[in-house]
Amino acid sequence: MAYNLQEVMANKPSRLTSGHRMCAGCGAPSVARMILRALKPEDHAVIANATGCMEVSTFIYPYTAWKDSFIHTAFECAGATLSGAEAAYQSMKKQGKLPQDKDTKFIAFGGDGGTYDIGLQSLSGAMERGHDMVYVCYDNGAYMNTGIQRSSATPRFADTTTSPAGSVVPGKMQNRKDLTLIMANHHLPYVAQTLAMTNFKDLYEKSEKAIYTEGPAFLNVLAPCPRGWGYNTEDLMVINKLAADTCYWPLYEVVNGKYHITYKPAKKLPIEEFLKPQKRFKHMFKPGNEWMIQEFQAEVDRRWQELLELEEMTNKE
Amino acid sequence: MGIRERLSGNEAVATAMKQINPDVVAAFPITPSTEIPQYFSTFVSNGQVDTNFVAVESEHSAMSACIGSESAGARTMTATSANGLSLMWEMIYIASSLRLPIVMSLVNRAVSGPLNIHNDHSDAMGARDSGWIQLFSENNQEAYDNTIMANRIAEHKDVLLPLMVCQDGFITSHSIENIELIEDDKVKEFVGKYTPEHYLLDSENPMAVGPLDLQAYLFEHKAQQAIAMKNAKKVILEVAEEFEKMTGRKYGLFEEYKLEDAEYVIVCMNSTAGTAKAAADELRANGVKAGVLKVRVFRPFPGEEIAKALSKAKAVAVLDKADSLNGQGGALYEDVVSGMYNEKLTIPTINYVYGIGGRDTTVNDIKSVYSDLEKLESKPENPYRYLGLRGDK
């Protein structure tokens with residue numbers, strides 16, 4: 001699976017056009033474009049989208065930014081909606097009602113609100129039923145579309161509009177849910193966690209595997225949000241890199257139950273490096289709040305260690 | 001000549017679905033409609049249909065999957081009851097707004113709470129403004145026949161709306177009665193192939209479904225749904241006419257039972273019509289000119305036609321098997337009287353809410369309604385009443 005960014009960009013035109021209304025510095029559209037570039041040019045795709053930033057910014061009647069077939073129904077049911085389209089495809093293809101020489105791939109996009117929270121049941125059901133589809137969560141760590149409310153993907157201590165950092169309660173008090181592990185424990189053929197880093201290689205390769213592995217696949221992709229996280233729009237790629245280098249967002253895949261960490265930073269950076277450029281963590285750096293950083297670091301370390309152990313355990317001879 | 005059988009209402013609907021052979025069925029079990037996906041899965045497991053059966057994890061996902069499937073270009077069906085339909089609520093509006101001719105079998109049951117599994121019409125009445133065509137069925141034969149006609153109506157280019165076929169939970173869904181089935185090949189020919197103009201799986205012509213639809217367009221889109229609903233009335237009658245040619249069984253927007261000379265008329269839906277007909281027959285033997293108007297098509301509502309059919313009556317009682325809890329009257333009553341008002345018909349008309357949560361409604365109960373009608377003053381006191389309720393009414 002040779003990967004060359006220039007070749008991919010040159011040979012595979014974007015299937016999500018420019019002119020959509022996502023914010024400058026938003027991580028989601030670059031992620032979506034790259035995932036769609038992993039489609040073979042000759043393949044058709046049906047894309048489902050949960051209600052959220054991406055949907056309301058890319059398909060405002062009568063315009064659409066999607067070149068493939070696209071369906072949006074509601075917030076919590078991108079998984080179920082796409083599972084229906086995939087079921088239709090299987091049925092109609094088997095009955096000879098569709099051209100036999102044309103393949104259609106099925107990809108759902110949902111934010112963390114539509115995936116970790118309100119859409120978790122729909123996602124779990126669709127994956128368990130074994131539909132040949134990929135569900136992509138673009139995780140920006142809060143309900144950004146409605147104005148930065150906390151979600152179960154929001155990290156501890158983050159300042160959001162429903163977990164504001166106040167004089168008594170210092171932001172969100174709970175640790176984030178680990179959705180990637182939840183999906184791995186559905187025992188799917190392919191589960192991966194990734195982000196758009198350096199030359200997008202990790203994201204591209206995992207997307208290709210997810211799309212072309214038969215059966216259900218899940219991708220959890222970190223997609224920073226400049227408004228919700230409070231970083232400068234031009235720093236998107238810096239934030240992504242720091243998320244990987246601090247092991248806040250480990251890059252790994254689970255292939256038929258085997259864990260494989262695809263990026264192990266040569267030097268694991270302290271979590272402050274990731275937290276510091278983001279306004280949502282500003283209060284953690286006030287004198288007297290050092291314990292917050294320590295506890296945040298401890299949780300990152302604990303989860304990283306757990307992942308290392310999972311990798312070791314599942315790859316024993 | 002059809003095939004004589006003995007089937008329950010659920011078996012009848014499942015049999016119709018088998019004969020229709022849809023591309024996809026997505027459903028989640030709920031009493032009393034559970035048997036429909038059960039029977040249907042057996043047809044799938046035994047290779048009697050080409051359908052892909054999607055055993056979803058909830059009714060919300062059932063309707064979401066139906067929307068995905070129908071948008072993709074597949075003829076799609078489902079079944080549910082009561083709380084199942086409640087859980088679908090968000091999605092049934094989306095199904096109709098996307099103009100998807102999904103067909104649902106709704107086996108009517110009381111919506112919680114408190115929990116009750118028996119029949120009333122609160123589930124269907126809750127969906128009356130959702131943009132779905134609603135057909136009601138007196139017995140297993142009508143549930144079967146309505147299902148056979150459903151796709152033709154829903155998929156018509158002037159309609160393109162989802163459709164639900166209603167029947168009474170347990171009362172008809174679980175009662176085994178004689179039925180005349182249509183031969184498989186005749187059903188196949190009658191229902192025809194589903195050939196949507198636009199669909200997601202048309203890779204040559206990709207399409208986008210379900211936009212953000214703001215102030216500049218949503219109003220017009222909603223008005224188009226309303227026009228389609230009005231169009232449905234004509235299509236329902238055309239399909240019924242063709243159906244009659246095939247089977248000899250006649251269907252209209254409603255059934256008029258001994259209405260020609262009726263002085264006292266009961267308007268009702270589903271299985272209660274059978275009880276009302278029996279009561280009317282008994283009363284006619286005693287010289288009371290009793291009649292029944294059974295509404296088959298509740299959405300689109302044939303208000304004008306019903307008003308005309310009632311124009312010679314002296315008094316009318318409308319029976320609602322769901323209470324609207326609005327301090328004014330049940331849904332069927334309100335629609336009937338607004339139709340009468342538009343036709344400048346000022347016959348004394350009263351409303352009875354009855355049979356809630358499966359409370360039995362007997363021939364004697366119905367006879368008491370006719371008896372009330374005989375005594376009815378020109379401007380009735382308290383037109384919003386209860387039938388079969390214990391204690392003060």
# chains A, B, ... in the order shown; residues from 1 in each chain; ligands from 1
>>> residues_around(residues="Glu128 in chain A", least_positions_apart="2", cutoff="9 Å", atoms="only C-alpha atoms", output="PDB file with N, CA and C atoms, in the first residue's frame")
ATOM      1  N   LEU A 123     -25.330   3.491  16.308  1.00  0.00           N
ATOM      2  CA  LEU A 123     -24.024   3.038  15.826  1.00  0.00           C
ATOM      3  C   LEU A 123     -23.768   1.593  16.251  1.00  0.00           C
ATOM      4  N   SER A 124     -23.988   1.314  17.528  1.00  0.00           N
ATOM      5  CA  SER A 124     -23.725  -0.027  18.050  1.00  0.00           C
ATOM      6  C   SER A 124     -24.558  -1.064  17.305  1.00  0.00           C
ATOM      7  N   GLY A 125     -25.837  -0.735  17.088  1.00  0.00           N
ATOM      8  CA  GLY A 125     -26.719  -1.664  16.371  1.00  0.00           C
ATOM      9  C   GLY A 125     -26.237  -1.924  14.951  1.00  0.00           C
ATOM     10  N   ALA A 126     -25.888  -0.858  14.257  1.00  0.00           N
ATOM     11  CA  ALA A 126     -25.464  -1.009  12.853  1.00  0.00           C
ATOM     12  C   ALA A 126     -24.190  -1.842  12.762  1.00  0.00           C
ATOM     13  N   GLY A 130     -23.450  -6.050  11.304  1.00  0.00           N
ATOM     14  CA  GLY A 130     -22.466  -6.472  10.310  1.00  0.00           C
ATOM     15  C   GLY A 130     -22.594  -5.846   8.939  1.00  0.00           C
ATOM     16  N   HIS A 131     -23.232  -4.678   8.859  1.00  0.00           N
ATOM     17  CA  HIS A 131     -23.344  -4.017   7.543  1.00  0.00           C
ATOM     18  C   HIS A 131     -21.956  -3.673   7.014  1.00  0.00           C
ATOM     19  N   HIS A 186     -16.749  -4.429  20.149  1.00  0.00           N
ATOM     20  CA  HIS A 186     -17.802  -5.004  19.304  1.00  0.00           C
ATOM     21  C   HIS A 186     -17.213  -6.117  18.425  1.00  0.00           C
ATOM     22  N   HIS A 187     -15.891  -6.287  18.522  1.00  0.00           N
ATOM     23  CA  HIS A 187     -15.185  -7.323  17.751  1.00  0.00           C
ATOM     24  C   HIS A 187     -15.462  -7.185  16.253  1.00  0.00           C
ATOM     25  N   LEU A 188     -15.227  -5.980  15.768  1.00  0.00           N
ATOM     26  CA  LEU A 188     -15.414  -5.694  14.344  1.00  0.00           C
ATOM     27  C   LEU A 188     -14.146  -6.080  13.589  1.00  0.00           C
ATOM     28  N   PRO A 216     -18.347  -4.334   8.910  1.00  0.00           N
ATOM     29  CA  PRO A 216     -18.405  -3.039   9.578  1.00  0.00           C
ATOM     30  C   PRO A 216     -17.037  -2.564  10.062  1.00  0.00           C
TER      31      PRO A 216
END
>>> closest_atom_pairs(of="range 116-159 of chain B", to="range 74-97 of chain B", cutoff="10 Å", atoms="only C-alpha atoms", output="JSON lines")
{"residue": "B:Asn116", "atom": "CA", "partner": "B:Ala82", "partner_atom": "CA", "distance": 9.4}
{"residue": "B:Ile117", "atom": "CA", "partner": "B:Ala82", "partner_atom": "CA", "distance": 8.3}
{"residue": "B:His118", "atom": "CA", "partner": "B:Ala82", "partner_atom": "CA", "distance": 9.5}
{"residue": "B:Asn119", "atom": "CA", "partner": "B:Ala82", "partner_atom": "CA", "distance": 9.1}
{"residue": "B:Asp120", "atom": "CA", "partner": "B:Ala82", "partner_atom": "CA", "distance": 9.1}
{"residue": "B:His121", "atom": "CA", "partner": "B:Ala82", "partner_atom": "CA", "distance": 8.6}
{"residue": "B:Ser122", "atom": "CA", "partner": "B:Ala82", "partner_atom": "CA", "distance": 7.4}
{"residue": "B:Asp123", "atom": "CA", "partner": "B:Ala82", "partner_atom": "CA", "distance": 4.8}
{"residue": "B:Ala124", "atom": "CA", "partner": "B:Ala82", "partner_atom": "CA", "distance": 7.9}
{"residue": "B:Gly126", "atom": "CA", "partner": "B:Ser86", "partner_atom": "CA", "distance": 8.1}
{"residue": "B:Ala127", "atom": "CA", "partner": "B:Trp89", "partner_atom": "CA", "distance": 7.6}
{"residue": "B:Asp129", "atom": "CA", "partner": "B:Tyr93", "partner_atom": "CA", "distance": 8.8}
{"residue": "B:Ser130", "atom": "CA", "partner": "B:Tyr93", "partner_atom": "CA", "distance": 5.2}
{"residue": "B:Gly131", "atom": "CA", "partner": "B:Ser96", "partner_atom": "CA", "distance": 5.5}
{"residue": "B:Trp132", "atom": "CA", "partner": "B:Ser96", "partner_atom": "CA", "distance": 6.3}
{"residue": "B:Ile133", "atom": "CA", "partner": "B:Ser96", "partner_atom": "CA", "distance": 9.4}
{"residue": "B:Asn151", "atom": "CA", "partner": "B:Arg75", "partner_atom": "CA", "distance": 8.5}
{"residue": "B:Glu155", "atom": "CA", "partner": "B:Arg75", "partner_atom": "CA", "distance": 9.3}
>>> closest_atom_pairs(of="chain B", to="chain A", cutoff="9 Å", atoms="only C-alpha atoms", output="Markdown table")
| residue | atom | partner | partner_atom | distance |
| --- | --- | --- | --- | --- |
| B:Asp23 | CA | A:Ser91 | CA | 5.9 |
| B:Val24 | CA | A:Ala88 | CA | 6.2 |
| B:Ala26 | CA | A:Gly84 | CA | 7.8 |
| B:Asp50 | CA | A:Ser91 | CA | 7.2 |
| B:Thr51 | CA | A:Ser91 | CA | 6.5 |
| B:Asn52 | CA | A:Ser91 | CA | 5.5 |
| B:Phe53 | CA | A:Ala87 | CA | 8.1 |
| B:Val54 | CA | A:Ala87 | CA | 7.2 |
| B:Ala55 | CA | A:Arg129 | CA | 7.8 |
| B:Val56 | CA | A:Gly125 | CA | 6.6 |
| B:Glu57 | CA | A:Gly125 | CA | 5.6 |
| B:Ser58 | CA | A:Ser122 | CA | 8.2 |
| B:His60 | CA | A:Cys77 | CA | 7.9 |
| B:Ser61 | CA | A:Ala80 | CA | 5.2 |
| B:Ala62 | CA | A:Ala80 | CA | 7.5 |
| B:Met63 | CA | A:Thr81 | CA | 8.3 |
| B:Ser64 | CA | A:Thr81 | CA | 4.7 |
| B:Ala65 | CA | A:Gly84 | CA | 3.8 |
| B:Cys66 | CA | A:Gly84 | CA | 5.9 |
| B:Ile67 | CA | A:Thr81 | CA | 6.5 |
| B:Gly68 | CA | A:Ala85 | CA | 4.5 |
| B:Ser69 | CA | A:Ala85 | CA | 4.3 |
| B:Glu70 | CA | A:Ala85 | CA | 7.6 |
| B:Ser71 | CA | A:Ala85 | CA | 7.2 |
| B:Ala72 | CA | A:Ala85 | CA | 5.2 |
| B:Gly73 | CA | A:Ala88 | CA | 7.1 |
| B:Ala74 | CA | A:Ala88 | CA | 5.5 |
| B:Arg75 | CA | A:Ala88 | CA | 8.5 |
| B:Thr76 | CA | A:Ala88 | CA | 8.6 |
| B:Glu90 | CA | A:Ala74 | CA | 8.1 |
| B:Met91 | CA | A:Ala74 | CA | 7.7 |
| B:Ile94 | CA | A:Thr73 | CA | 6.7 |
| B:Ala95 | CA | A:Thr73 | CA | 8.6 |
| B:Tyr199 | CA | A:Ser69 | CA | 8.6 |
| B:Leu200 | CA | A:Ser69 | CA | 5.4 |
| B:Leu201 | CA | A:Tyr89 | CA | 7.2 |
| B:Asp202 | CA | A:Leu98 | CA | 8.2 |
| B:Ser203 | CA | A:His44 | CA | 5.8 |
| B:Glu204 | CA | A:His44 | CA | 8.7 |
| B:Asn205 | CA | A:Ser69 | CA | 8.2 |
| B:Pro206 | CA | A:Ser69 | CA | 4.5 |
| B:Met207 | CA | A:Ser69 | CA | 4.7 |
| B:Ala208 | CA | A:Phe70 | CA | 4.5 |
| B:Val209 | CA | A:Ile71 | CA | 4.6 |
| B:Gly210 | CA | A:His72 | CA | 4.8 |
| B:Pro211 | CA | A:Phe59 | CA | 5.3 |
| B:Leu212 | CA | A:Ile60 | CA | 4.7 |
| B:Asp213 | CA | A:Tyr61 | CA | 5.4 |
| B:Leu214 | CA | A:Tyr61 | CA | 7.5 |
| B:Tyr217 | CA | A:Tyr61 | CA | 7.7 |
>>> write_last_selection(atoms="C-alpha atoms", output="mmCIF file, in the first residue's frame")
data_model
loop_
_atom_site.group_PDB
_atom_site.id
_atom_site.type_symbol
_atom_site.label_atom_id
_atom_site.label_comp_id
_atom_site.auth_asym_id
_atom_site.auth_seq_id
_atom_site.Cartn_x
_atom_site.Cartn_y
_atom_site.Cartn_z
ATOM 1 C CA ASP B 23 -36.501 -5.333 -1.109
ATOM 2 C CA VAL B 24 -36.017 -4.464 2.557
ATOM 3 C CA ALA B 26 -36.584 -3.195 8.910
ATOM 4 C CA ASP B 50 -35.949 -11.823 -1.801
ATOM 5 C CA THR B 51 -36.123 -9.344 1.059
ATOM 6 C CA ASN B 52 -33.191 -8.249 3.178
ATOM 7 C CA PHE B 53 -34.611 -8.261 6.714
ATOM 8 C CA VAL B 54 -32.848 -5.772 9.002
ATOM 9 C CA ALA B 55 -33.359 -6.722 12.650
ATOM 10 C CA VAL B 56 -32.699 -3.287 14.095
ATOM 11 C CA GLU B 57 -32.123 -2.493 17.763
ATOM 12 C CA SER B 58 -35.018 -0.044 18.200
ATOM 13 C CA HIS B 60 -36.087 4.719 15.949
ATOM 14 C CA SER B 61 -33.495 2.769 14.030
ATOM 15 C CA ALA B 62 -36.232 0.816 12.236
ATOM 16 C CA MET B 63 -37.632 4.002 10.716
ATOM 17 C CA SER B 64 -34.137 5.427 10.145
ATOM 18 C CA ALA B 65 -33.135 2.261 8.285
ATOM 19 C CA CYS B 66 -36.390 2.353 6.301
ATOM 20 C CA ILE B 67 -35.593 5.932 5.280
ATOM 21 C CA GLY B 68 -32.046 4.981 4.277
ATOM 22 C CA SER B 69 -33.309 1.978 2.366
ATOM 23 C CA GLU B 70 -36.192 3.669 0.552
ATOM 24 C CA SER B 71 -33.922 6.626 -0.343
ATOM 25 C CA ALA B 72 -31.433 4.134 -1.708
ATOM 26 C CA GLY B 73 -34.092 2.904 -4.128
ATOM 27 C CA ALA B 74 -35.496 -0.126 -2.363
ATOM 28 C CA ARG B 75 -39.164 -0.880 -1.733
ATOM 29 C CA THR B 76 -39.254 -0.919 2.053
ATOM 30 C CA GLU B 90 -38.912 12.137 14.840
ATOM 31 C CA MET B 91 -38.257 9.888 11.869
ATOM 32 C CA ILE B 94 -38.545 12.980 8.094
ATOM 33 C CA ALA B 95 -39.818 10.020 6.034
ATOM 34 C CA TYR B 199 -32.343 7.186 -5.641
ATOM 35 C CA LEU B 200 -29.034 7.090 -3.777
ATOM 36 C CA LEU B 201 -27.795 3.918 -5.457
ATOM 37 C CA ASP B 202 -28.074 5.414 -8.933
ATOM 38 C CA SER B 203 -24.310 5.844 -9.288
ATOM 39 C CA GLU B 204 -24.700 7.621 -12.621
ATOM 40 C CA ASN B 205 -26.851 10.295 -10.998
ATOM 41 C CA PRO B 206 -25.753 10.778 -7.400
ATOM 42 C CA MET B 207 -28.284 12.595 -5.266
ATOM 43 C CA ALA B 208 -28.288 14.376 -1.937
ATOM 44 C CA VAL B 209 -31.129 13.767 0.506
ATOM 45 C CA GLY B 210 -32.090 15.644 3.657
ATOM 46 C CA PRO B 211 -30.664 19.171 3.452
ATOM 47 C CA LEU B 212 -30.665 22.002 5.907
ATOM 48 C CA ASP B 213 -33.777 23.692 4.534
ATOM 49 C CA LEU B 214 -34.122 27.253 5.743
ATOM 50 C CA TYR B 217 -37.646 26.965 0.992
#
>>> residues_around(residues="range 142-149 of chain B", least_positions_apart="4", cutoff="8 Å", atoms="only C-alpha atoms", output="ChimeraX atom specification")
/B:9,12-13,15-17,20,105,135-138,153,165-167,187,191,239-240,243
>>> write_last_selection(atoms="N, CA and C atoms", output="mmCIF file, in the first residue's frame")
data_model
loop_
_atom_site.group_PDB
_atom_site.id
_atom_site.type_symbol
_atom_site.label_atom_id
_atom_site.label_comp_id
_atom_site.auth_asym_id
_atom_site.auth_seq_id
_atom_site.Cartn_x
_atom_site.Cartn_y
_atom_site.Cartn_z
ATOM 1 N N GLY B 9 -55.140 -11.292 11.779
ATOM 2 C CA GLY B 9 -54.807 -10.037 11.107
ATOM 3 C C GLY B 9 -53.317 -9.910 10.870
ATOM 4 N N ALA B 12 -52.327 -12.180 8.118
ATOM 5 C CA ALA B 12 -52.818 -11.651 6.838
ATOM 6 C C ALA B 12 -51.863 -10.592 6.298
ATOM 7 N N VAL B 13 -51.421 -9.694 7.190
ATOM 8 C CA VAL B 13 -50.509 -8.631 6.753
ATOM 9 C C VAL B 13 -49.160 -9.234 6.353
ATOM 10 N N THR B 15 -48.631 -12.140 5.227
ATOM 11 C CA THR B 15 -48.840 -12.827 3.945
ATOM 12 C C THR B 15 -48.827 -11.826 2.790
ATOM 13 N N ALA B 16 -49.496 -10.691 2.997
ATOM 14 C CA ALA B 16 -49.488 -9.645 1.966
ATOM 15 C C ALA B 16 -48.060 -9.180 1.704
ATOM 16 N N MET B 17 -47.295 -9.013 2.780
ATOM 17 C CA MET B 17 -45.903 -8.565 2.618
ATOM 18 C C MET B 17 -45.079 -9.594 1.858
ATOM 19 N N ILE B 20 -45.950 -9.186 -1.706
ATOM 20 C CA ILE B 20 -45.382 -7.947 -2.255
ATOM 21 C C ILE B 20 -43.874 -8.117 -2.469
ATOM 22 N N SER B 105 -47.156 -1.348 8.646
ATOM 23 C CA SER B 105 -48.340 -1.927 9.251
ATOM 24 C C SER B 105 -48.374 -1.445 10.694
ATOM 25 N N LEU B 135 -54.668 4.410 6.457
ATOM 26 C CA LEU B 135 -55.827 3.588 6.091
ATOM 27 C C LEU B 135 -56.201 2.735 7.294
ATOM 28 N N PHE B 136 -57.479 2.635 7.582
ATOM 29 C CA PHE B 136 -57.946 1.827 8.712
ATOM 30 C C PHE B 136 -58.690 0.597 8.201
ATOM 31 N N SER B 137 -58.641 -0.480 8.986
ATOM 32 C CA SER B 137 -59.145 -1.774 8.532
ATOM 33 C C SER B 137 -60.066 -2.376 9.587
ATOM 34 N N GLU B 138 -61.253 -2.770 9.144
ATOM 35 C CA GLU B 138 -62.220 -3.329 10.099
ATOM 36 C C GLU B 138 -61.828 -4.729 10.561
ATOM 37 N N ILE B 153 -50.524 3.120 -3.955
ATOM 38 C CA ILE B 153 -50.947 4.471 -3.566
ATOM 39 C C ILE B 153 -49.715 5.312 -3.210
ATOM 40 N N VAL B 165 -50.983 1.221 7.293
ATOM 41 C CA VAL B 165 -52.222 0.453 7.311
ATOM 42 C C VAL B 165 -52.500 0.090 8.765
ATOM 43 N N CYS B 166 -53.614 0.586 9.286
ATOM 44 C CA CYS B 166 -53.940 0.366 10.692
ATOM 45 C C CYS B 166 -54.940 -0.776 10.852
ATOM 46 N N GLN B 167 -54.760 -1.538 11.914
ATOM 47 C CA GLN B 167 -55.779 -2.498 12.336
ATOM 48 C C GLN B 167 -55.731 -2.567 13.856
ATOM 49 N N VAL B 187 -51.056 -10.676 -7.338
ATOM 50 C CA VAL B 187 -50.549 -9.612 -6.449
ATOM 51 C C VAL B 187 -49.320 -8.979 -7.082
ATOM 52 N N VAL B 191 -49.241 -5.081 -7.853
ATOM 53 C CA VAL B 191 -48.343 -4.171 -7.125
ATOM 54 C C VAL B 191 -47.288 -3.594 -8.068
ATOM 55 N N VAL B 239 -56.872 3.271 -7.324
ATOM 56 C CA VAL B 239 -56.285 1.971 -6.984
ATOM 57 C C VAL B 239 -57.382 1.028 -6.491
ATOM 58 N N ALA B 240 -58.324 1.563 -5.717
ATOM 59 C CA ALA B 240 -59.430 0.740 -5.204
ATOM 60 C C ALA B 240 -60.275 0.192 -6.358
ATOM 61 N N PHE B 243 -58.474 -2.575 -7.875
ATOM 62 C CA PHE B 243 -58.506 -3.693 -6.923
ATOM 63 C C PHE B 243 -59.848 -4.418 -7.006
#
>>> atom_distance(atom1="CA of Tyr194 in chain B", atom2="CA of Leu160 in chain B")
11.8 Å
>>> decode(residues="range 104-131 of chain B", atoms="C-alpha atoms", output="PDB file, in the first residue's frame")
ATOM      1  CA  MET B 104     -45.974   0.463   7.591  1.00  0.00           C
ATOM      2  CA  SER B 105     -48.340  -1.927   9.251  1.00  0.00           C
ATOM      3  CA  LEU B 106     -49.518  -0.184  12.409  1.00  0.00           C
ATOM      4  CA  VAL B 107     -51.228  -2.578  14.777  1.00  0.00           C
ATOM      5  CA  ASN B 108     -53.020  -0.085  16.982  1.00  0.00           C
ATOM      6  CA  ARG B 109     -52.346  -0.143  20.694  1.00  0.00           C
ATOM      7  CA  ALA B 110     -52.585   2.358  23.540  1.00  0.00           C
ATOM      8  CA  VAL B 111     -49.551   4.590  23.868  1.00  0.00           C
ATOM      9  CA  SER B 112     -48.019   4.635  27.364  1.00  0.00           C
ATOM     10  CA  GLY B 113     -48.508   5.713  30.028  1.00  0.00           C
ATOM     11  CA  PRO B 114     -49.195   3.957  32.069  1.00  0.00           C
ATOM     12  CA  LEU B 115     -48.175   0.878  30.181  1.00  0.00           C
ATOM     13  CA  ASN B 116     -50.990  -0.968  28.453  1.00  0.00           C
ATOM     14  CA  ILE B 117     -50.644  -3.386  25.588  1.00  0.00           C
ATOM     15  CA  HIS B 118     -54.241  -3.395  24.387  1.00  0.00           C
ATOM     16  CA  ASN B 119     -56.030  -1.654  21.603  1.00  0.00           C
ATOM     17  CA  ASP B 120     -56.960   1.927  21.166  1.00  0.00           C
ATOM     18  CA  HIS B 121     -56.021   4.428  18.479  1.00  0.00           C
ATOM     19  CA  SER B 122     -53.773   6.771  20.425  1.00  0.00           C
ATOM     20  CA  ASP B 123     -50.728   5.678  18.410  1.00  0.00           C
ATOM     21  CA  ALA B 124     -52.275   6.423  15.011  1.00  0.00           C
ATOM     22  CA  MET B 125     -53.924   9.635  16.214  1.00  0.00           C
ATOM     23  CA  GLY B 126     -50.570  10.887  17.477  1.00  0.00           C
ATOM     24  CA  ALA B 127     -49.227  10.529  13.950  1.00  0.00           C
ATOM     25  CA  ARG B 128     -52.188  12.123  12.197  1.00  0.00           C
ATOM     26  CA  ASP B 129     -50.306  15.312  11.305  1.00  0.00           C
ATOM     27  CA  SER B 130     -47.066  13.581  10.318  1.00  0.00           C
ATOM     28  CA  GLY B 131     -47.744  13.521   6.579  1.00  0.00           C
TER      29      GLY B 131
END
